[in-house]
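For reference, my_file14.tsv (TSV, N, CA and C atoms):
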chain	number	residue	atom	x	y	z
A	1	MET	N	-5.81	-22.24	-1.10
A	1	MET	CA	-5.11	-21.24	-1.88
A	1	MET	C	-3.61	-21.42	-1.68
A	2	HIS	N	-2.87	-21.22	-2.72
A	2	HIS	CA	-1.41	-21.26	-2.66
A	2	HIS	C	-0.88	-19.93	-3.18
A	3	ARG	N	0.00	-19.30	-2.40
A	3	ARG	CA	0.62	-18.03	-2.78
A	3	ARG	C	2.11	-18.27	-2.98
A	4	GLN	N	2.65	-17.73	-4.07
A	4	GLN	CA	4.08	-17.80	-4.31
A	4	GLN	C	4.60	-16.39	-4.56
A	5	ASP	N	5.49	-15.94	-3.69
A	5	ASP	CA	6.14	-14.65	-3.90
A	5	ASP	C	7.28	-14.85	-4.88
A	6	ILE	N	7.25	-14.09	-5.95
A	6	ILE	CA	8.28	-14.19	-6.98
A	6	ILE	C	9.25	-13.06	-6.74
A	7	GLY	N	10.46	-13.42	-6.37
A	7	GLY	CA	11.47	-12.50	-5.86
A	7	GLY	C	11.81	-11.35	-6.75
A	8	PRO	N	12.25	-10.32	-6.12
A	8	PRO	CA	12.63	-9.11	-6.85
A	8	PRO	C	14.03	-9.18	-7.39
A	9	ARG	N	14.30	-8.35	-8.33
A	9	ARG	CA	15.67	-8.10	-8.77
A	9	ARG	C	16.13	-6.84	-8.04
A	10	MET	N	17.34	-6.62	-7.96
A	10	MET	CA	18.00	-5.41	-7.45
A	10	MET	C	17.38	-4.81	-6.18
A	11	PHE	N	16.32	-4.02	-6.27
A	11	PHE	CA	15.86	-3.21	-5.15
A	11	PHE	C	14.80	-3.87	-4.27
A	12	GLY	N	14.25	-4.99	-4.68
A	12	GLY	CA	13.12	-5.58	-3.98
A	12	GLY	C	13.37	-5.91	-2.53
A	13	ASP	N	14.51	-6.52	-2.23
A	13	ASP	CA	14.79	-6.85	-0.83
A	13	ASP	C	14.86	-5.59	0.03
A	14	ARG	N	15.49	-4.57	-0.50
A	14	ARG	CA	15.63	-3.33	0.26
A	14	ARG	C	14.31	-2.58	0.37
A	15	LEU	N	13.49	-2.62	-0.68
A	15	LEU	CA	12.25	-1.85	-0.69
A	15	LEU	C	11.02	-2.68	-0.33
A	16	GLY	N	11.18	-3.96	-0.06
A	16	GLY	CA	10.09	-4.78	0.44
A	16	GLY	C	8.97	-5.05	-0.54
A	17	TYR	N	9.31	-5.43	-1.74
A	17	TYR	CA	8.26	-5.79	-2.70
A	17	TYR	C	8.70	-6.98	-3.53
A	18	ASN	N	7.76	-7.59	-4.21
A	18	ASN	CA	8.02	-8.69	-5.15
A	18	ASN	C	7.80	-8.19	-6.56
A	19	ARG	N	8.48	-8.81	-7.51
A	19	ARG	CA	8.20	-8.51	-8.92
A	19	ARG	C	6.81	-9.00	-9.27
A	20	ALA	N	6.40	-10.09	-8.63
A	20	ALA	CA	5.07	-10.65	-8.89
A	20	ALA	C	4.67	-11.51	-7.71
A	21	VAL	N	3.37	-11.74	-7.60
A	21	VAL	CA	2.83	-12.66	-6.61
A	21	VAL	C	1.86	-13.56	-7.34
A	22	SER	N	2.11	-14.86	-7.29
A	22	SER	CA	1.24	-15.84	-7.94
A	22	SER	C	0.28	-16.41	-6.90
A	23	VAL	N	-1.00	-16.44	-7.22
A	23	VAL	CA	-2.00	-16.97	-6.30
A	23	VAL	C	-2.84	-17.99	-7.06
A	24	ASP	N	-2.84	-19.23	-6.57
A	24	ASP	CA	-3.66	-20.28	-7.16
A	24	ASP	C	-4.94	-20.46	-6.35
A	25	ARG	N	-6.06	-20.41	-7.03
A	25	ARG	CA	-7.37	-20.67	-6.46
A	25	ARG	C	-7.68	-19.94	-5.15
A	26	PRO	N	-7.68	-18.61	-5.16
A	26	PRO	CA	-8.06	-17.90	-3.93
A	26	PRO	C	-9.56	-18.10	-3.66
A	27	ASP	N	-9.91	-18.12	-2.38
A	27	ASP	CA	-11.32	-18.24	-2.00
A	27	ASP	C	-12.02	-16.88	-2.04
A	28	ARG	N	-11.31	-15.83	-1.67
A	28	ARG	CA	-11.89	-14.49	-1.63
A	28	ARG	C	-10.91	-13.47	-2.18
A	29	TRP	N	-11.46	-12.46	-2.80
A	29	TRP	CA	-10.68	-11.33	-3.30
A	29	TRP	C	-11.21	-10.07	-2.61
A	30	LEU	N	-10.33	-9.16	-2.31
A	30	LEU	CA	-10.73	-7.85	-1.80
A	30	LEU	C	-10.01	-6.81	-2.64
A	31	VAL	N	-10.78	-6.04	-3.38
A	31	VAL	CA	-10.23	-4.97	-4.19
A	31	VAL	C	-10.30	-3.69	-3.36
A	32	LEU	N	-9.14	-3.13	-3.07
A	32	LEU	CA	-9.06	-1.93	-2.23
A	32	LEU	C	-9.06	-0.69	-3.11
A	33	ALA	N	-10.10	0.11	-2.98
A	33	ALA	CA	-10.14	1.39	-3.68
A	33	ALA	C	-9.06	2.30	-3.14
A	34	GLY	N	-8.83	3.40	-3.80
A	34	GLY	CA	-7.83	4.35	-3.33
A	34	GLY	C	-8.13	4.80	-1.91
A	35	HIS	N	-7.14	4.69	-1.06
A	35	HIS	CA	-7.24	5.15	0.32
A	35	HIS	C	-6.35	6.38	0.47
A	36	GLU	N	-6.75	7.26	1.36
A	36	GLU	CA	-6.00	8.48	1.59
A	36	GLU	C	-5.98	8.80	3.08
A	37	SER	N	-5.33	9.86	3.43
A	37	SER	CA	-5.13	10.26	4.82
A	37	SER	C	-6.31	11.10	5.30
A	38	ARG	N	-7.40	10.42	5.62
A	38	ARG	CA	-8.59	11.13	6.11
A	38	ARG	C	-8.80	10.86	7.59
A	39	GLY	N	-9.23	11.90	8.29
A	39	GLY	CA	-9.56	11.77	9.70
A	39	GLY	C	-11.01	11.33	9.86
A	40	PRO	N	-11.47	11.20	11.10
A	40	PRO	CA	-12.84	10.75	11.37
A	40	PRO	C	-13.92	11.65	10.77
A	41	ASP	N	-13.60	12.94	10.58
A	41	ASP	CA	-14.58	13.87	10.02
A	41	ASP	C	-14.56	13.89	8.49
A	42	GLY	N	-13.68	13.08	7.89
A	42	GLY	CA	-13.60	13.00	6.43
A	42	GLY	C	-12.62	13.97	5.81
A	43	ALA	N	-12.06	14.87	6.61
A	43	ALA	CA	-11.09	15.83	6.08
A	43	ALA	C	-9.70	15.19	6.00
A	44	ILE	N	-8.90	15.67	5.05
A	44	ILE	CA	-7.52	15.21	4.93
A	44	ILE	C	-6.74	15.67	6.16
A	45	VAL	N	-6.00	14.74	6.76
A	45	VAL	CA	-5.14	15.08	7.90
A	45	VAL	C	-3.69	15.06	7.44
A	46	HIS	N	-2.84	15.70	8.19
A	46	HIS	CA	-1.41	15.84	7.87
A	46	HIS	C	-1.21	16.60	6.55
A	47	VAL	N	-1.93	17.69	6.42
A	47	VAL	CA	-1.80	18.53	5.23
A	47	VAL	C	-0.34	18.97	5.11
A	48	ARG	N	0.23	18.84	3.93
A	48	ARG	CA	1.63	19.18	3.62
A	48	ARG	C	2.65	18.33	4.38
A	49	ASP	N	2.22	17.19	4.93
A	49	ASP	CA	3.10	16.29	5.68
A	49	ASP	C	3.00	14.90	5.06
A	50	LEU	N	3.88	14.61	4.10
A	50	LEU	CA	3.82	13.35	3.36
A	50	LEU	C	3.99	12.15	4.28
A	51	ARG	N	4.95	12.19	5.20
A	51	ARG	CA	5.16	11.06	6.13
A	51	ARG	C	3.88	10.77	6.89
A	52	GLY	N	3.27	11.80	7.43
A	52	GLY	CA	2.02	11.63	8.18
A	52	GLY	C	0.92	11.07	7.30
A	53	GLN	N	0.83	11.54	6.06
A	53	GLN	CA	-0.20	11.03	5.16
A	53	GLN	C	0.04	9.56	4.82
A	54	ILE	N	1.27	9.16	4.62
A	54	ILE	CA	1.57	7.75	4.34
A	54	ILE	C	1.14	6.90	5.52
A	55	GLU	N	1.53	7.29	6.73
A	55	GLU	CA	1.19	6.52	7.93
A	55	GLU	C	-0.31	6.40	8.11
A	56	THR	N	-1.02	7.52	7.98
A	56	THR	CA	-2.48	7.50	8.17
A	56	THR	C	-3.17	6.70	7.07
A	57	THR	N	-2.67	6.80	5.86
A	57	THR	CA	-3.25	6.03	4.76
A	57	THR	C	-3.12	4.53	5.03
A	58	PHE	N	-1.96	4.10	5.49
A	58	PHE	CA	-1.81	2.69	5.85
A	58	PHE	C	-2.73	2.30	7.00
A	59	ASP	N	-2.96	3.19	7.96
A	59	ASP	CA	-3.93	2.91	9.03
A	59	ASP	C	-5.33	2.72	8.47
A	60	ARG	N	-5.71	3.56	7.51
A	60	ARG	CA	-7.05	3.43	6.89
A	60	ARG	C	-7.16	2.11	6.13
A	61	ILE	N	-6.10	1.72	5.43
A	61	ILE	CA	-6.10	0.43	4.72
A	61	ILE	C	-6.25	-0.71	5.72
A	62	ALA	N	-5.52	-0.64	6.83
A	62	ALA	CA	-5.62	-1.68	7.87
A	62	ALA	C	-7.05	-1.80	8.39
A	63	GLU	N	-7.72	-0.68	8.58
A	63	GLU	CA	-9.11	-0.69	9.04
A	63	GLU	C	-10.02	-1.39	8.02
A	64	THR	N	-9.82	-1.07	6.74
A	64	THR	CA	-10.63	-1.69	5.70
A	64	THR	C	-10.37	-3.19	5.64
A	65	LEU	N	-9.11	-3.57	5.69
A	65	LEU	CA	-8.76	-5.00	5.67
A	65	LEU	C	-9.44	-5.73	6.83
A	66	GLU	N	-9.33	-5.17	8.03
A	66	GLU	CA	-9.92	-5.82	9.20
A	66	GLU	C	-11.44	-5.93	9.07
A	67	GLU	N	-12.08	-4.87	8.61
A	67	GLU	CA	-13.53	-4.88	8.44
A	67	GLU	C	-13.97	-5.98	7.48
A	68	ALA	N	-13.13	-6.25	6.48
A	68	ALA	CA	-13.47	-7.26	5.47
A	68	ALA	C	-12.97	-8.66	5.85
A	69	GLY	N	-12.29	-8.78	7.00
A	69	GLY	CA	-11.80	-10.09	7.42
A	69	GLY	C	-10.47	-10.47	6.80
A	70	PHE	N	-9.69	-9.49	6.41
A	70	PHE	CA	-8.38	-9.70	5.81
A	70	PHE	C	-7.31	-9.07	6.70
A	71	THR	N	-6.05	-9.35	6.40
A	71	THR	CA	-4.92	-8.69	7.06
A	71	THR	C	-3.94	-8.26	5.98
A	72	PHE	N	-2.92	-7.53	6.38
A	72	PHE	CA	-1.90	-7.11	5.42
A	72	PHE	C	-1.18	-8.30	4.79
A	73	THR	N	-1.11	-9.42	5.48
A	73	THR	CA	-0.44	-10.58	4.88
A	73	THR	C	-1.21	-11.10	3.67
A	74	ASP	N	-2.47	-10.73	3.52
A	74	ASP	CA	-3.28	-11.13	2.37
A	74	ASP	C	-3.10	-10.19	1.17
A	75	VAL	N	-2.45	-9.06	1.37
A	75	VAL	CA	-2.29	-8.07	0.30
A	75	VAL	C	-1.23	-8.55	-0.68
A	76	VAL	N	-1.61	-8.63	-1.95
A	76	VAL	CA	-0.69	-9.10	-2.99
A	76	VAL	C	-0.25	-7.99	-3.94
A	77	GLN	N	-0.96	-6.85	-3.90
A	77	GLN	CA	-0.58	-5.75	-4.77
A	77	GLN	C	-0.95	-4.42	-4.11
A	78	LEU	N	-0.05	-3.45	-4.21
A	78	LEU	CA	-0.32	-2.07	-3.80
A	78	LEU	C	0.11	-1.15	-4.92
A	79	ARG	N	-0.71	-0.13	-5.16
A	79	ARG	CA	-0.41	0.87	-6.17
A	79	ARG	C	-0.42	2.24	-5.49
A	80	TYR	N	0.71	2.95	-5.60
A	80	TYR	CA	0.87	4.26	-4.98
A	80	TYR	C	0.75	5.33	-6.05
A	81	PHE	N	-0.11	6.31	-5.81
A	81	PHE	CA	-0.27	7.45	-6.71
A	81	PHE	C	0.15	8.69	-5.93
A	82	ALA	N	1.14	9.40	-6.44
A	82	ALA	CA	1.71	10.51	-5.68
A	82	ALA	C	1.92	11.74	-6.55
A	83	LEU	N	1.78	12.90	-5.93
A	83	LEU	CA	2.06	14.15	-6.63
A	83	LEU	C	3.55	14.35	-6.85
A	84	ASP	N	4.37	13.81	-5.94
A	84	ASP	CA	5.81	14.01	-6.01
A	84	ASP	C	6.51	12.67	-5.75
A	85	VAL	N	6.89	11.99	-6.80
A	85	VAL	CA	7.52	10.67	-6.67
A	85	VAL	C	8.83	10.76	-5.89
A	86	ALA	N	9.62	11.78	-6.13
A	86	ALA	CA	10.89	11.93	-5.42
A	86	ALA	C	10.66	12.08	-3.92
A	87	ALA	N	9.63	12.80	-3.53
A	87	ALA	CA	9.31	12.95	-2.10
A	87	ALA	C	8.91	11.61	-1.50
A	88	VAL	N	8.12	10.83	-2.23
A	88	VAL	CA	7.72	9.51	-1.71
A	88	VAL	C	8.95	8.62	-1.56
A	89	THR	N	9.82	8.61	-2.54
A	89	THR	CA	11.00	7.75	-2.43
A	89	THR	C	11.90	8.20	-1.27
A	90	SER	N	11.92	9.48	-0.96
A	90	SER	CA	12.73	9.94	0.17
A	90	SER	C	12.10	9.55	1.51
A	91	HIS	N	10.82	9.20	1.50
A	91	HIS	CA	10.12	8.75	2.72
A	91	HIS	C	9.75	7.28	2.63
A	92	PHE	N	10.39	6.55	1.74
A	92	PHE	CA	10.01	5.14	1.53
A	92	PHE	C	10.29	4.27	2.75
A	93	ASP	N	11.14	4.75	3.66
A	93	ASP	CA	11.39	4.00	4.89
A	93	ASP	C	10.11	3.82	5.70
A	94	VAL	N	9.18	4.76	5.63
A	94	VAL	CA	7.90	4.63	6.33
A	94	VAL	C	7.12	3.45	5.74
A	95	ILE	N	7.13	3.37	4.42
A	95	ILE	CA	6.41	2.29	3.74
A	95	ILE	C	7.05	0.94	4.03
A	96	THR	N	8.37	0.85	3.87
A	96	THR	CA	9.02	-0.44	4.08
A	96	THR	C	8.91	-0.90	5.53
A	97	ALA	N	8.99	0.02	6.47
A	97	ALA	CA	8.86	-0.36	7.89
A	97	ALA	C	7.47	-0.91	8.16
A	98	ARG	N	6.44	-0.27	7.60
A	98	ARG	CA	5.07	-0.74	7.83
A	98	ARG	C	4.86	-2.11	7.18
A	99	LEU	N	5.32	-2.27	5.94
A	99	LEU	CA	5.14	-3.55	5.26
A	99	LEU	C	5.89	-4.66	5.97
A	100	GLU	N	7.09	-4.37	6.44
A	100	GLU	CA	7.85	-5.38	7.18
A	100	GLU	C	7.14	-5.75	8.47
A	101	ARG	N	6.66	-4.76	9.21
A	101	ARG	CA	5.94	-5.00	10.47
A	101	ARG	C	4.69	-5.85	10.24
A	102	GLU	N	4.04	-5.65	9.09
A	102	GLU	CA	2.79	-6.36	8.77
A	102	GLU	C	3.05	-7.67	8.03
A	103	ASN	N	4.31	-8.02	7.80
A	103	ASN	CA	4.66	-9.23	7.05
A	103	ASN	C	3.98	-9.22	5.67
A	104	CYS	N	4.10	-8.10	5.00
A	104	CYS	CA	3.44	-7.87	3.71
A	104	CYS	C	4.50	-7.58	2.67
A	105	ARG	N	4.50	-8.39	1.60
A	105	ARG	CA	5.45	-8.18	0.51
A	105	ARG	C	4.69	-8.25	-0.82
A	106	PRO	N	4.03	-7.16	-1.18
A	106	PRO	CA	3.21	-7.16	-2.39
A	106	PRO	C	4.00	-6.80	-3.65
A	107	ALA	N	3.39	-7.04	-4.78
A	107	ALA	CA	3.84	-6.44	-6.03
A	107	ALA	C	3.38	-4.98	-5.97
A	108	THR	N	4.23	-4.05	-6.40
A	108	THR	CA	3.89	-2.63	-6.26
A	108	THR	C	4.25	-1.83	-7.49
A	109	VAL	N	3.65	-0.63	-7.53
A	109	VAL	CA	4.03	0.37	-8.51
A	109	VAL	C	3.85	1.73	-7.85
A	110	LEU	N	4.75	2.65	-8.17
A	110	LEU	CA	4.66	4.05	-7.71
A	110	LEU	C	4.50	4.91	-8.95
A	111	VAL	N	3.39	5.64	-9.00
A	111	VAL	CA	3.05	6.42	-10.19
A	111	VAL	C	2.95	7.89	-9.82
A	112	GLY	N	3.58	8.74	-10.61
A	112	GLY	CA	3.44	10.18	-10.43
A	112	GLY	C	2.21	10.69	-11.17
A	113	VAL	N	1.42	11.50	-10.48
A	113	VAL	CA	0.21	12.07	-11.08
A	113	VAL	C	0.24	13.59	-10.91
A	114	THR	N	-0.57	14.28	-11.68
A	114	THR	CA	-0.60	15.74	-11.58
A	114	THR	C	-1.62	16.24	-10.58
A	115	ALA	N	-2.58	15.39	-10.21
A	115	ALA	CA	-3.60	15.80	-9.23
A	115	ALA	C	-4.22	14.56	-8.61
A	116	LEU	N	-4.74	14.73	-7.40
A	116	LEU	CA	-5.54	13.69	-6.74
A	116	LEU	C	-6.91	14.30	-6.45
A	117	SER	N	-7.82	13.53	-5.90
A	117	SER	CA	-9.21	13.98	-5.78
A	117	SER	C	-9.42	15.09	-4.77
A	118	ASP	N	-8.47	15.34	-3.89
A	118	ASP	CA	-8.57	16.43	-2.92
A	118	ASP	C	-7.25	17.20	-3.00
A	119	PRO	N	-7.28	18.52	-3.09
A	119	PRO	CA	-6.04	19.27	-3.25
A	119	PRO	C	-5.08	19.15	-2.06
A	120	ASP	N	-5.55	18.68	-0.90
A	120	ASP	CA	-4.67	18.50	0.26
A	120	ASP	C	-4.00	17.13	0.28
A	121	MET	N	-4.41	16.23	-0.62
A	121	MET	CA	-3.82	14.89	-0.67
A	121	MET	C	-2.47	14.94	-1.37
A	122	LEU	N	-1.51	14.20	-0.81
A	122	LEU	CA	-0.19	14.08	-1.42
A	122	LEU	C	0.03	12.68	-2.00
A	123	ILE	N	-0.73	11.69	-1.47
A	123	ILE	CA	-0.59	10.31	-1.90
A	123	ILE	C	-1.92	9.59	-1.75
A	124	GLU	N	-2.15	8.64	-2.62
A	124	GLU	CA	-3.32	7.74	-2.54
A	124	GLU	C	-2.80	6.33	-2.83
A	125	ILE	N	-3.33	5.36	-2.08
A	125	ILE	CA	-2.86	3.98	-2.21
A	125	ILE	C	-4.06	3.07	-2.41
A	126	GLU	N	-3.98	2.21	-3.43
A	126	GLU	CA	-5.01	1.20	-3.66
A	126	GLU	C	-4.34	-0.16	-3.76
A	127	GLY	N	-5.14	-1.21	-3.68
A	127	GLY	CA	-4.50	-2.52	-3.71
A	127	GLY	C	-5.45	-3.69	-3.93
A	128	LEU	N	-4.90	-4.86	-3.76
A	128	LEU	CA	-5.62	-6.12	-3.95
A	128	LEU	C	-5.17	-7.09	-2.88
A	129	ALA	N	-6.14	-7.71	-2.21
A	129	ALA	CA	-5.86	-8.74	-1.21
A	129	ALA	C	-6.62	-10.00	-1.61
A	130	VAL	N	-6.03	-11.15	-1.31
A	130	VAL	CA	-6.67	-12.43	-1.62
A	130	VAL	C	-6.48	-13.37	-0.43
A	131	ARG	N	-7.44	-14.30	-0.31
A	131	ARG	CA	-7.36	-15.34	0.72
A	131	ARG	C	-7.67	-16.65	0.07
Target format structure tokens, applied to this file:
Amino acid sequence: MHRQDIGPRMFGDRLGYNRAVSVDRPDRWLVLAGHESRGPDGAIVHVRDLRGQIETTFDRIAETLEEAGFTFTDVVQLRYFALDVAAVTSHFDVITARLERENCRPATVLVGVTALSDPDMLIEIEGLAVR
């Protein structure tokens, strides 16, 4: 497999994303369903705490990646769904720090939505990983 990160314009270096990621002949694909900030009992944790929900959601994604034999370096796309886009952008340092620590530079989108599947959720993240 060959991966080519296609550089960002303007904000990409600061926000840690690529405009696109080209992947030639991957051996495996992992489609990540929406992940959220759930604790071991299945309940949403960090209710009304967006920073905490972002951190826990990334932890849940890391668990899924590991279970499937992938790492964050294999992630080529992340999609963020949020109730409050301005709030997410004000906490984007949490996202960029985690992606930098994981050596992950995906293509991304941040989408504002009116509701998520649980009323205590503030953000949901889904993605795509390839090897």
Pick out the residues sitting within 12 Å of region 16-31 of chain A, and hand them over as a compact mmCIF listing (two decimals) with N, CA and C atoms, keeping the file's coordinate frame; count only C-alpha atoms, and ignore anything fewer than 5 positions along from it in its own chain.
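Output file part_26.txt is given in full below:
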# COMPACT_ATOMS: atom_id res chain seq x y z
N MET A 1 -5.81 -22.24 -1.10
CA MET A 1 -5.11 -21.24 -1.88
C MET A 1 -3.61 -21.42 -1.68
N HIS A 2 -2.87 -21.22 -2.72
CA HIS A 2 -1.41 -21.26 -2.66
C HIS A 2 -0.88 -19.93 -3.18
N ARG A 3 0.00 -19.30 -2.40
CA ARG A 3 0.62 -18.03 -2.78
C ARG A 3 2.11 -18.27 -2.98
N GLN A 4 2.65 -17.73 -4.07
CA GLN A 4 4.08 -17.80 -4.31
C GLN A 4 4.60 -16.39 -4.56
N ASP A 5 5.49 -15.94 -3.69
CA ASP A 5 6.14 -14.65 -3.90
C ASP A 5 7.28 -14.85 -4.88
N ILE A 6 7.25 -14.09 -5.95
CA ILE A 6 8.28 -14.19 -6.98
C ILE A 6 9.25 -13.06 -6.74
N GLY A 7 10.46 -13.42 -6.37
CA GLY A 7 11.47 -12.50 -5.86
C GLY A 7 11.81 -11.35 -6.75
N PRO A 8 12.25 -10.32 -6.12
CA PRO A 8 12.63 -9.11 -6.85
C PRO A 8 14.03 -9.18 -7.39
N ARG A 9 14.30 -8.35 -8.33
CA ARG A 9 15.67 -8.10 -8.77
C ARG A 9 16.13 -6.84 -8.04
N MET A 10 17.34 -6.62 -7.96
CA MET A 10 18.00 -5.41 -7.45
C MET A 10 17.38 -4.81 -6.18
N PHE A 11 16.32 -4.02 -6.27
CA PHE A 11 15.86 -3.21 -5.15
C PHE A 11 14.80 -3.87 -4.27
N ILE A 61 -6.10 1.72 5.43
CA ILE A 61 -6.10 0.43 4.72
C ILE A 61 -6.25 -0.71 5.72
N THR A 64 -9.82 -1.07 6.74
CA THR A 64 -10.63 -1.69 5.70
C THR A 64 -10.37 -3.19 5.64
N LEU A 65 -9.11 -3.57 5.69
CA LEU A 65 -8.76 -5.00 5.67
C LEU A 65 -9.44 -5.73 6.83
N GLU A 66 -9.33 -5.17 8.03
CA GLU A 66 -9.92 -5.82 9.20
C GLU A 66 -11.44 -5.93 9.07
N GLU A 67 -12.08 -4.87 8.61
CA GLU A 67 -13.53 -4.88 8.44
C GLU A 67 -13.97 -5.98 7.48
N ALA A 68 -13.13 -6.25 6.48
CA ALA A 68 -13.47 -7.26 5.47
C ALA A 68 -12.97 -8.66 5.85
N GLY A 69 -12.29 -8.78 7.00
CA GLY A 69 -11.80 -10.09 7.42
C GLY A 69 -10.47 -10.47 6.80
N PHE A 70 -9.69 -9.49 6.41
CA PHE A 70 -8.38 -9.70 5.81
C PHE A 70 -7.31 -9.07 6.70
N THR A 71 -6.05 -9.35 6.40
CA THR A 71 -4.92 -8.69 7.06
C THR A 71 -3.94 -8.26 5.98
N PHE A 72 -2.92 -7.53 6.38
CA PHE A 72 -1.90 -7.11 5.42
C PHE A 72 -1.18 -8.30 4.79
N ASP A 74 -2.47 -10.73 3.52
CA ASP A 74 -3.28 -11.13 2.37
C ASP A 74 -3.10 -10.19 1.17
N VAL A 75 -2.45 -9.06 1.37
CA VAL A 75 -2.29 -8.07 0.30
C VAL A 75 -1.23 -8.55 -0.68
N VAL A 76 -1.61 -8.63 -1.95
CA VAL A 76 -0.69 -9.10 -2.99
C VAL A 76 -0.25 -7.99 -3.94
N GLN A 77 -0.96 -6.85 -3.90
CA GLN A 77 -0.58 -5.75 -4.77
C GLN A 77 -0.95 -4.42 -4.11
N LEU A 78 -0.05 -3.45 -4.21
CA LEU A 78 -0.32 -2.07 -3.80
C LEU A 78 0.11 -1.15 -4.92
N ARG A 79 -0.71 -0.13 -5.16
CA ARG A 79 -0.41 0.87 -6.17
C ARG A 79 -0.42 2.24 -5.49
N PHE A 92 10.39 6.55 1.74
CA PHE A 92 10.01 5.14 1.53
C PHE A 92 10.29 4.27 2.75
N ASP A 93 11.14 4.75 3.66
CA ASP A 93 11.39 4.00 4.89
C ASP A 93 10.11 3.82 5.70
N VAL A 94 9.18 4.76 5.63
CA VAL A 94 7.90 4.63 6.33
C VAL A 94 7.12 3.45 5.74
N ILE A 95 7.13 3.37 4.42
CA ILE A 95 6.41 2.29 3.74
C ILE A 95 7.05 0.94 4.03
N THR A 96 8.37 0.85 3.87
CA THR A 96 9.02 -0.44 4.08
C THR A 96 8.91 -0.90 5.53
N ALA A 97 8.99 0.02 6.47
CA ALA A 97 8.86 -0.36 7.89
C ALA A 97 7.47 -0.91 8.16
N ARG A 98 6.44 -0.27 7.60
CA ARG A 98 5.07 -0.74 7.83
C ARG A 98 4.86 -2.11 7.18
N LEU A 99 5.32 -2.27 5.94
CA LEU A 99 5.14 -3.55 5.26
C LEU A 99 5.89 -4.66 5.97
N GLU A 100 7.09 -4.37 6.44
CA GLU A 100 7.85 -5.38 7.18
C GLU A 100 7.14 -5.75 8.47
N ARG A 101 6.66 -4.76 9.21
CA ARG A 101 5.94 -5.00 10.47
C ARG A 101 4.69 -5.85 10.24
N GLU A 102 4.04 -5.65 9.09
CA GLU A 102 2.79 -6.36 8.77
C GLU A 102 3.05 -7.67 8.03
N ASN A 103 4.31 -8.02 7.80
CA ASN A 103 4.66 -9.23 7.05
C ASN A 103 3.98 -9.22 5.67
N CYS A 104 4.10 -8.10 5.00
CA CYS A 104 3.44 -7.87 3.71
C CYS A 104 4.50 -7.58 2.67
N ARG A 105 4.50 -8.39 1.60
CA ARG A 105 5.45 -8.18 0.51
C ARG A 105 4.69 -8.25 -0.82
N PRO A 106 4.03 -7.16 -1.18
CA PRO A 106 3.21 -7.16 -2.39
C PRO A 106 4.00 -6.80 -3.65
N ALA A 107 3.39 -7.04 -4.78
CA ALA A 107 3.84 -6.44 -6.03
C ALA A 107 3.38 -4.98 -5.97
N THR A 108 4.23 -4.05 -6.40
CA THR A 108 3.89 -2.63 -6.26
C THR A 108 4.25 -1.83 -7.49
N VAL A 109 3.65 -0.63 -7.53
CA VAL A 109 4.03 0.37 -8.51
C VAL A 109 3.85 1.73 -7.85
N LEU A 110 4.75 2.65 -8.17
CA LEU A 110 4.66 4.05 -7.71
C LEU A 110 4.50 4.91 -8.95
N ILE A 125 -3.33 5.36 -2.08
CA ILE A 125 -2.86 3.98 -2.21
C ILE A 125 -4.06 3.07 -2.41
N GLU A 126 -3.98 2.21 -3.43
CA GLU A 126 -5.01 1.20 -3.66
C GLU A 126 -4.34 -0.16 -3.76
N GLY A 127 -5.14 -1.21 -3.68
CA GLY A 127 -4.50 -2.52 -3.71
C GLY A 127 -5.45 -3.69 -3.93
N LEU A 128 -4.90 -4.86 -3.76
CA LEU A 128 -5.62 -6.12 -3.95
C LEU A 128 -5.17 -7.09 -2.88
N ALA A 129 -6.14 -7.71 -2.21
CA ALA A 129 -5.86 -8.74 -1.21
C ALA A 129 -6.62 -10.00 -1.61
N VAL A 130 -6.03 -11.15 -1.31
CA VAL A 130 -6.67 -12.43 -1.62
C VAL A 130 -6.48 -13.37 -0.43
N ARG A 131 -7.44 -14.30 -0.31
CA ARG A 131 -7.36 -15.34 0.72
C ARG A 131 -7.67 -16.65 0.07
Long-range neighbours of Ala115 (chain A) as a list in words, 8 Å cut-off, all atoms listed in the file, 2 positions minimum in chain: Phe81, Ala82, Leu83, Gly112, Val113, Ser117, Asp118, Pro119 and Met121 of chain A
message: What's the separation between atom N of Arg48 (chain A) and CA of Arg60 (chain A), in Å to one decimal place?
response: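 CA of Arg60 (chain A) lies 17.3 Å from atom N of Arg48 (chain A).
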field: DSSP strand (DSSP E) selection over region 31-125 of chain A, as a VMD selection string
entry: chain A and resid 31 to 35 75 to 82 107 to 112 123 to 125
- request: Excluding Ser37 (chain A) and residues on its chain fewer than 6 positions from it, collect all residues at most 6 Å away from it, counting only N, CA and C atoms, and give them as number ranges by chain.
  value: A: 43-45, 53, 56-57
- prompt: What is the atom N of Phe58 (chain A) to atom C of Glu36 (chain A) distance in Å?
  reply: 6.6 Å
query: In Å to one decimal, how far is atom N of Ala33 (chain A) from atom C of Asp84 (chain A)?
result: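 Going from atom C of Asp84 (chain A) over to atom N of Ala33 (chain A) covers 21.0 Å.
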